[in-house]
Amino acid sequence: MEQKVTVSKENKEIAQYVTNKVGFNTTVQRYKDESNENYLDIYASDTSDEDVKFYGTIGLSDYPNIIEINGEDTNVPVELLMAGNKTYDKIPSILATCGFNMAKEKWICQPGAVFLHMIDLYYEKEMRHLLFIPPYKWNSSLEPLELADKTVNWLLAVPISEPELQYRLEHGFNALSLLFEENSVDMFDWDRKSMLAV
């Protein structure tokens, strides 16, 4: 269930920082899990493309995201981003589901990570999974945000097909990223055809 909420000062700072980089006319809604005990705030912003809406989590960075860096477990706080055509009104729910899995089930998110079947839960499409990548379109401006108790990083969730997932598993994240670049794939197009055959 969704409901309009008042956002804390720190969360407003997170939302304002990122939406100043990628969107405008921002609204925030609260999404609760099935138990109705846990919640996650999701913002929605308009973009320069009138058909595309931009979404992001607020407060997910309060939960541990433990990544191995140079042989040591390190907490790297993240907020998740996602964009798509306005007709796909379940994108915020997909984003909230990803966030709940991280917060409650301790799923780890870093560049190259894939959350399986996240799109399948809401839509029947050729794009089925979510691949997490650095927010490449805003690399020069969307820097990590240093707050009093944490440094917030951003990861962009983009839809991929089953064959693209298999390519990622067999050849690695960098190889898949290069393939996307070579084929000029629109990472925000949820209706695109897979660049690889089944």
# chains A, B, ... in the order shown; residues from 1 in each chain; ligands from 1
$ residues_around --residues "Ile108 in chain A" --least-positions-apart "4" --cutoff "7 Å" --atoms "only C-alpha atoms" --output "tab-separated table (two decimals) with N, CA and C atoms, in the first residue's frame"
chain	number	residue	atom	x	y	z
A	65	ASN	N	25.21	-2.75	3.55
A	65	ASN	CA	25.43	-3.33	2.22
A	65	ASN	C	26.91	-3.74	2.21
A	66	ILE	N	27.17	-4.95	2.70
A	66	ILE	CA	28.54	-5.39	2.96
A	66	ILE	C	29.16	-5.98	1.71
A	102	MET	N	17.15	-6.16	0.06
A	102	MET	CA	18.43	-5.74	0.61
A	102	MET	C	18.34	-5.51	2.11
$ closest_atom_pairs --of "range 54-162 of chain A" --to "range 175-187 of chain A" --cutoff "12 Å" --atoms "only C-alpha atoms" --output "tab-separated table"
residue	atom	partner	partner_atom	distance
A:Met82	CA	A:Met187	CA	10.1
A:Ala83	CA	A:Met187	CA	9.0
A:Gly84	CA	A:Met187	CA	9.1
A:Asn85	CA	A:Met187	CA	11.6
A:Pro111	CA	A:Ser177	CA	10.6
A:Gly112	CA	A:Ser177	CA	9.0
A:Met127	CA	A:Met187	CA	10.8
A:Leu130	CA	A:Met187	CA	10.7
A:Leu131	CA	A:Met187	CA	10.1
A:Phe132	CA	A:Ser177	CA	10.9
A:Ile133	CA	A:Ser177	CA	8.9
A:Pro134	CA	A:Ser177	CA	10.9
A:Pro135	CA	A:Met187	CA	11.0
A:Tyr136	CA	A:Met187	CA	10.5
A:Lys137	CA	A:Met187	CA	10.5
A:Leu156	CA	A:Met187	CA	9.9
A:Ala157	CA	A:Met187	CA	9.1
A:Val158	CA	A:Met187	CA	5.9
A:Pro159	CA	A:Met187	CA	7.1
A:Ile160	CA	A:Met187	CA	8.6
A:Ser161	CA	A:Met187	CA	11.6
$ residues_around --residues "Trp154 in chain A" --least-positions-apart "5" --cutoff "8 Å" --atoms "only C-alpha atoms" --output "list in words"
Val78, Glu79, Leu80, Leu81, Pro134, Pro135, Leu142 and Pro144 of chain A
$ write_last_selection --atoms "C-alpha atoms" --output "PDB file, in the first residue's frame"
ATOM      1  CA  VAL A  78      23.669   2.693  -1.469  1.00  0.00           C
ATOM      2  CA  GLU A  79      20.459   4.157  -2.793  1.00  0.00           C
ATOM      3  CA  LEU A  80      18.915   2.615  -5.906  1.00  0.00           C
ATOM      4  CA  LEU A  81      17.802   4.435  -9.051  1.00  0.00           C
ATOM      5  CA  PRO A 134      27.016   2.959 -11.885  1.00  0.00           C
ATOM      6  CA  PRO A 135      24.755   5.891 -12.871  1.00  0.00           C
ATOM      7  CA  LEU A 142      26.281  12.405  -9.217  1.00  0.00           C
ATOM      8  CA  PRO A 144      28.858  10.113  -3.467  1.00  0.00           C
TER       9      PRO A 144
END
$ residues_around --residues "Ala15 in chain A" --least-positions-apart "3" --cutoff "12 Å" --atoms "only C-alpha atoms" --output "VMD selection string"
chain A and resid 7 to 12 18 to 28 41 to 45 54 to 60 79 to 81 145 152 154
$ write_last_selection --atoms "C-alpha atoms" --output "PDB file, in the first residue's frame"
ATOM      1  CA  VAL A   7      10.275  12.965   4.728  1.00  0.00           C
ATOM      2  CA  SER A   8      12.973  13.489   7.368  1.00  0.00           C
ATOM      3  CA  LYS A   9      15.535  16.253   6.970  1.00  0.00           C
ATOM      4  CA  GLU A  10      18.358  13.838   6.097  1.00  0.00           C
ATOM      5  CA  ASN A  11      16.226  11.931   3.598  1.00  0.00           C
ATOM      6  CA  LYS A  12      15.160  15.204   2.029  1.00  0.00           C
ATOM      7  CA  VAL A  18      19.948  13.342  -6.588  1.00  0.00           C
ATOM      8  CA  THR A  19      16.810  14.845  -8.111  1.00  0.00           C
ATOM      9  CA  ASN A  20      18.611  18.132  -8.693  1.00  0.00           C
ATOM     10  CA  LYS A  21      20.887  16.082 -10.951  1.00  0.00           C
ATOM     11  CA  VAL A  22      18.335  13.961 -12.796  1.00  0.00           C
ATOM     12  CA  GLY A  23      14.802  15.343 -12.515  1.00  0.00           C
ATOM     13  CA  PHE A  24      12.231  17.809 -11.214  1.00  0.00           C
ATOM     14  CA  ASN A  25       8.656  17.909  -9.835  1.00  0.00           C
ATOM     15  CA  THR A  26       9.601  15.313  -7.231  1.00  0.00           C
ATOM     16  CA  THR A  27       7.020  13.478  -5.125  1.00  0.00           C
ATOM     17  CA  VAL A  28       7.624  10.896  -2.393  1.00  0.00           C
ATOM     18  CA  ASP A  41      10.281   5.701   0.716  1.00  0.00           C
ATOM     19  CA  ILE A  42      10.454   6.031  -3.072  1.00  0.00           C
ATOM     20  CA  TYR A  43      10.632   9.332  -4.919  1.00  0.00           C
ATOM     21  CA  ALA A  44       9.420   9.945  -8.450  1.00  0.00           C
ATOM     22  CA  SER A  45      10.685  12.750 -10.657  1.00  0.00           C
ATOM     23  CA  PHE A  54      12.773   8.655 -12.765  1.00  0.00           C
ATOM     24  CA  TYR A  55      12.599   6.850  -9.415  1.00  0.00           C
ATOM     25  CA  GLY A  56      14.874   6.304  -6.437  1.00  0.00           C
ATOM     26  CA  THR A  57      14.974   4.938  -2.909  1.00  0.00           C
ATOM     27  CA  ILE A  58      15.327   7.167   0.127  1.00  0.00           C
ATOM     28  CA  GLY A  59      16.776   5.694   3.301  1.00  0.00           C
ATOM     29  CA  LEU A  60      17.962   2.352   1.932  1.00  0.00           C
ATOM     30  CA  GLU A  79      20.459   4.157  -2.793  1.00  0.00           C
ATOM     31  CA  LEU A  80      18.915   2.615  -5.906  1.00  0.00           C
ATOM     32  CA  LEU A  81      17.802   4.435  -9.051  1.00  0.00           C
ATOM     33  CA  LEU A 145      27.044  12.264  -0.907  1.00  0.00           C
ATOM     34  CA  VAL A 152      25.755   7.577   0.131  1.00  0.00           C
ATOM     35  CA  TRP A 154      24.064   5.402  -6.134  1.00  0.00           C
TER      36      TRP A 154
END
$ closest_residue --among "A:Tyr167, A:Tyr39, A:Trp138, A:Phe173" --to "Thr97 in chain A" --atoms "only C-alpha atoms"
A:Tyr39
$ atom_distance --atom1 "CA of Val114 in chain A" --atom2 "CA of Arg128 in chain A"
10.6 Å
$ closest_residue --among "A:Ala113, A:Asp191, A:Ser48, A:Lys90" --to "Asn174 in chain A" --atoms "only C-alpha atoms"
A:Ala113
$ closest_residue --among "A:Gln16, A:Tyr88, A:Asp149, A:Gln166" --to "Glu124 in chain A" --atoms "only C-alpha atoms"
A:Tyr88
$ select_by_dssp --residues "range 33-120 of chain A" --states "helix (DSSP H, G or I)" --output "list in words"
Leu60, Ser61, Asp62, Ile91, Pro92, Ser93, Ile94, Leu95, Ala96, Thr97, Cys98, Gly99, Phe100, Asn101, Met102, Ala103, Lys104 and Glu105 of chain A
$ write_last_selection --atoms "C-alpha atoms" --output "mmCIF file, in the first residue's frame"
data_model
loop_
_atom_site.group_PDB
_atom_site.id
_atom_site.type_symbol
_atom_site.label_atom_id
_atom_site.label_comp_id
_atom_site.auth_asym_id
_atom_site.auth_seq_id
_atom_site.Cartn_x
_atom_site.Cartn_y
_atom_site.Cartn_z
ATOM 1 C CA LEU A 60 17.962 2.352 1.932
ATOM 2 C CA SER A 61 21.486 3.545 2.722
ATOM 3 C CA ASP A 62 20.625 3.199 6.428
ATOM 4 C CA ILE A 91 8.453 0.501 -11.479
ATOM 5 C CA PRO A 92 8.386 2.036 -7.963
ATOM 6 C CA SER A 93 7.007 -1.252 -6.596
ATOM 7 C CA ILE A 94 9.835 -3.144 -8.303
ATOM 8 C CA LEU A 95 12.322 -0.723 -6.764
ATOM 9 C CA ALA A 96 10.745 -1.149 -3.334
ATOM 10 C CA THR A 97 10.931 -4.948 -3.683
ATOM 11 C CA CYS A 98 14.654 -4.681 -4.431
ATOM 12 C CA GLY A 99 15.088 -2.436 -1.401
ATOM 13 C CA PHE A 100 13.197 -4.773 0.929
ATOM 14 C CA ASN A 101 15.323 -7.713 -0.226
ATOM 15 C CA MET A 102 18.435 -5.738 0.607
ATOM 16 C CA ALA A 103 17.174 -4.454 3.955
ATOM 17 C CA LYS A 104 15.538 -7.667 5.193
ATOM 18 C CA GLU A 105 17.230 -10.508 3.305
#
$ atom_distance --atom1 "CA of Glu50 in chain A" --atom2 "CA of Tyr17 in chain A"
21.2 Å
$ closest_residue --among "A:Asp73, A:Asp120, A:Glu143, A:Asp46" --to "Lys86 in chain A" --atoms "only C-alpha atoms"
A:Asp46
$ closest_residue --among "A:Glu164, A:His129, A:Ile67, A:Asn36" --to "Trp107 in chain A" --atoms "only C-alpha atoms"
A:Ile67
$ atom_distance --atom1 "CA of Leu169 in chain A" --atom2 "CA of Leu196 in chain A"
13.7 Å
$ select_by_dssp --residues "range 18-135 of chain A" --states "strand (DSSP E or B)" --output "PDB file with C-alpha atoms, in the first residue's frame"
ATOM      1  CA  PHE A  24      12.231  17.809 -11.214  1.00  0.00           C
ATOM      2  CA  ASN A  25       8.656  17.909  -9.835  1.00  0.00           C
ATOM      3  CA  THR A  26       9.601  15.313  -7.231  1.00  0.00           C
ATOM      4  CA  THR A  27       7.020  13.478  -5.125  1.00  0.00           C
ATOM      5  CA  VAL A  28       7.624  10.896  -2.393  1.00  0.00           C
ATOM      6  CA  GLN A  29       5.506   7.879  -1.437  1.00  0.00           C
ATOM      7  CA  ARG A  30       5.935   5.240   1.232  1.00  0.00           C
ATOM      8  CA  TYR A  31       5.829   1.559   0.275  1.00  0.00           C
ATOM      9  CA  LYS A  32       5.224  -1.139   2.896  1.00  0.00           C
ATOM     10  CA  TYR A  39       8.577   0.550   4.785  1.00  0.00           C
ATOM     11  CA  LEU A  40      10.723   2.242   2.187  1.00  0.00           C
ATOM     12  CA  ASP A  41      10.281   5.701   0.716  1.00  0.00           C
ATOM     13  CA  ILE A  42      10.454   6.031  -3.072  1.00  0.00           C
ATOM     14  CA  TYR A  43      10.632   9.332  -4.919  1.00  0.00           C
ATOM     15  CA  ALA A  44       9.420   9.945  -8.450  1.00  0.00           C
ATOM     16  CA  SER A  45      10.685  12.750 -10.657  1.00  0.00           C
ATOM     17  CA  ASP A  46       9.816  14.040 -14.089  1.00  0.00           C
ATOM     18  CA  VAL A  52      10.092   9.003 -18.904  1.00  0.00           C
ATOM     19  CA  LYS A  53       9.812   8.996 -15.127  1.00  0.00           C
ATOM     20  CA  PHE A  54      12.773   8.655 -12.765  1.00  0.00           C
ATOM     21  CA  TYR A  55      12.599   6.850  -9.415  1.00  0.00           C
ATOM     22  CA  GLY A  56      14.874   6.304  -6.437  1.00  0.00           C
ATOM     23  CA  THR A  57      14.974   4.938  -2.909  1.00  0.00           C
ATOM     24  CA  ILE A  58      15.327   7.167   0.127  1.00  0.00           C
ATOM     25  CA  ILE A  66      28.542  -5.385   2.962  1.00  0.00           C
ATOM     26  CA  ILE A  67      30.898  -5.728  -0.001  1.00  0.00           C
ATOM     27  CA  GLU A  68      34.316  -7.352  -0.088  1.00  0.00           C
ATOM     28  CA  ILE A  69      36.904  -4.750  -1.023  1.00  0.00           C
ATOM     29  CA  GLU A  72      37.930  -6.969   3.656  1.00  0.00           C
ATOM     30  CA  ASP A  73      34.186  -6.728   4.287  1.00  0.00           C
ATOM     31  CA  THR A  74      33.194  -3.082   3.916  1.00  0.00           C
ATOM     32  CA  ASN A  75      29.827  -1.403   4.294  1.00  0.00           C
ATOM     33  CA  VAL A  78      23.669   2.693  -1.469  1.00  0.00           C
ATOM     34  CA  GLU A  79      20.459   4.157  -2.793  1.00  0.00           C
ATOM     35  CA  LEU A  80      18.915   2.615  -5.906  1.00  0.00           C
ATOM     36  CA  LEU A  81      17.802   4.435  -9.051  1.00  0.00           C
ATOM     37  CA  MET A  82      15.509   3.311 -11.863  1.00  0.00           C
ATOM     38  CA  ALA A  83      13.877   4.954 -14.877  1.00  0.00           C
ATOM     39  CA  GLY A  84      11.296   3.965 -17.446  1.00  0.00           C
ATOM     40  CA  ASN A  85       8.298   4.997 -19.484  1.00  0.00           C
ATOM     41  CA  VAL A 114      21.874  -8.947 -10.865  1.00  0.00           C
ATOM     42  CA  PHE A 115      18.603  -9.303  -8.975  1.00  0.00           C
ATOM     43  CA  MET A 127      13.376  -7.961 -20.056  1.00  0.00           C
ATOM     44  CA  ARG A 128      13.188 -10.096 -16.900  1.00  0.00           C
ATOM     45  CA  HIS A 129      16.026  -9.228 -14.509  1.00  0.00           C
ATOM     46  CA  LEU A 130      17.712  -6.121 -13.121  1.00  0.00           C
ATOM     47  CA  LEU A 131      21.392  -5.393 -13.609  1.00  0.00           C
ATOM     48  CA  PHE A 132      22.957  -2.776 -11.334  1.00  0.00           C
ATOM     49  CA  ILE A 133      25.443  -0.365 -12.854  1.00  0.00           C
TER      50      ILE A 133
END
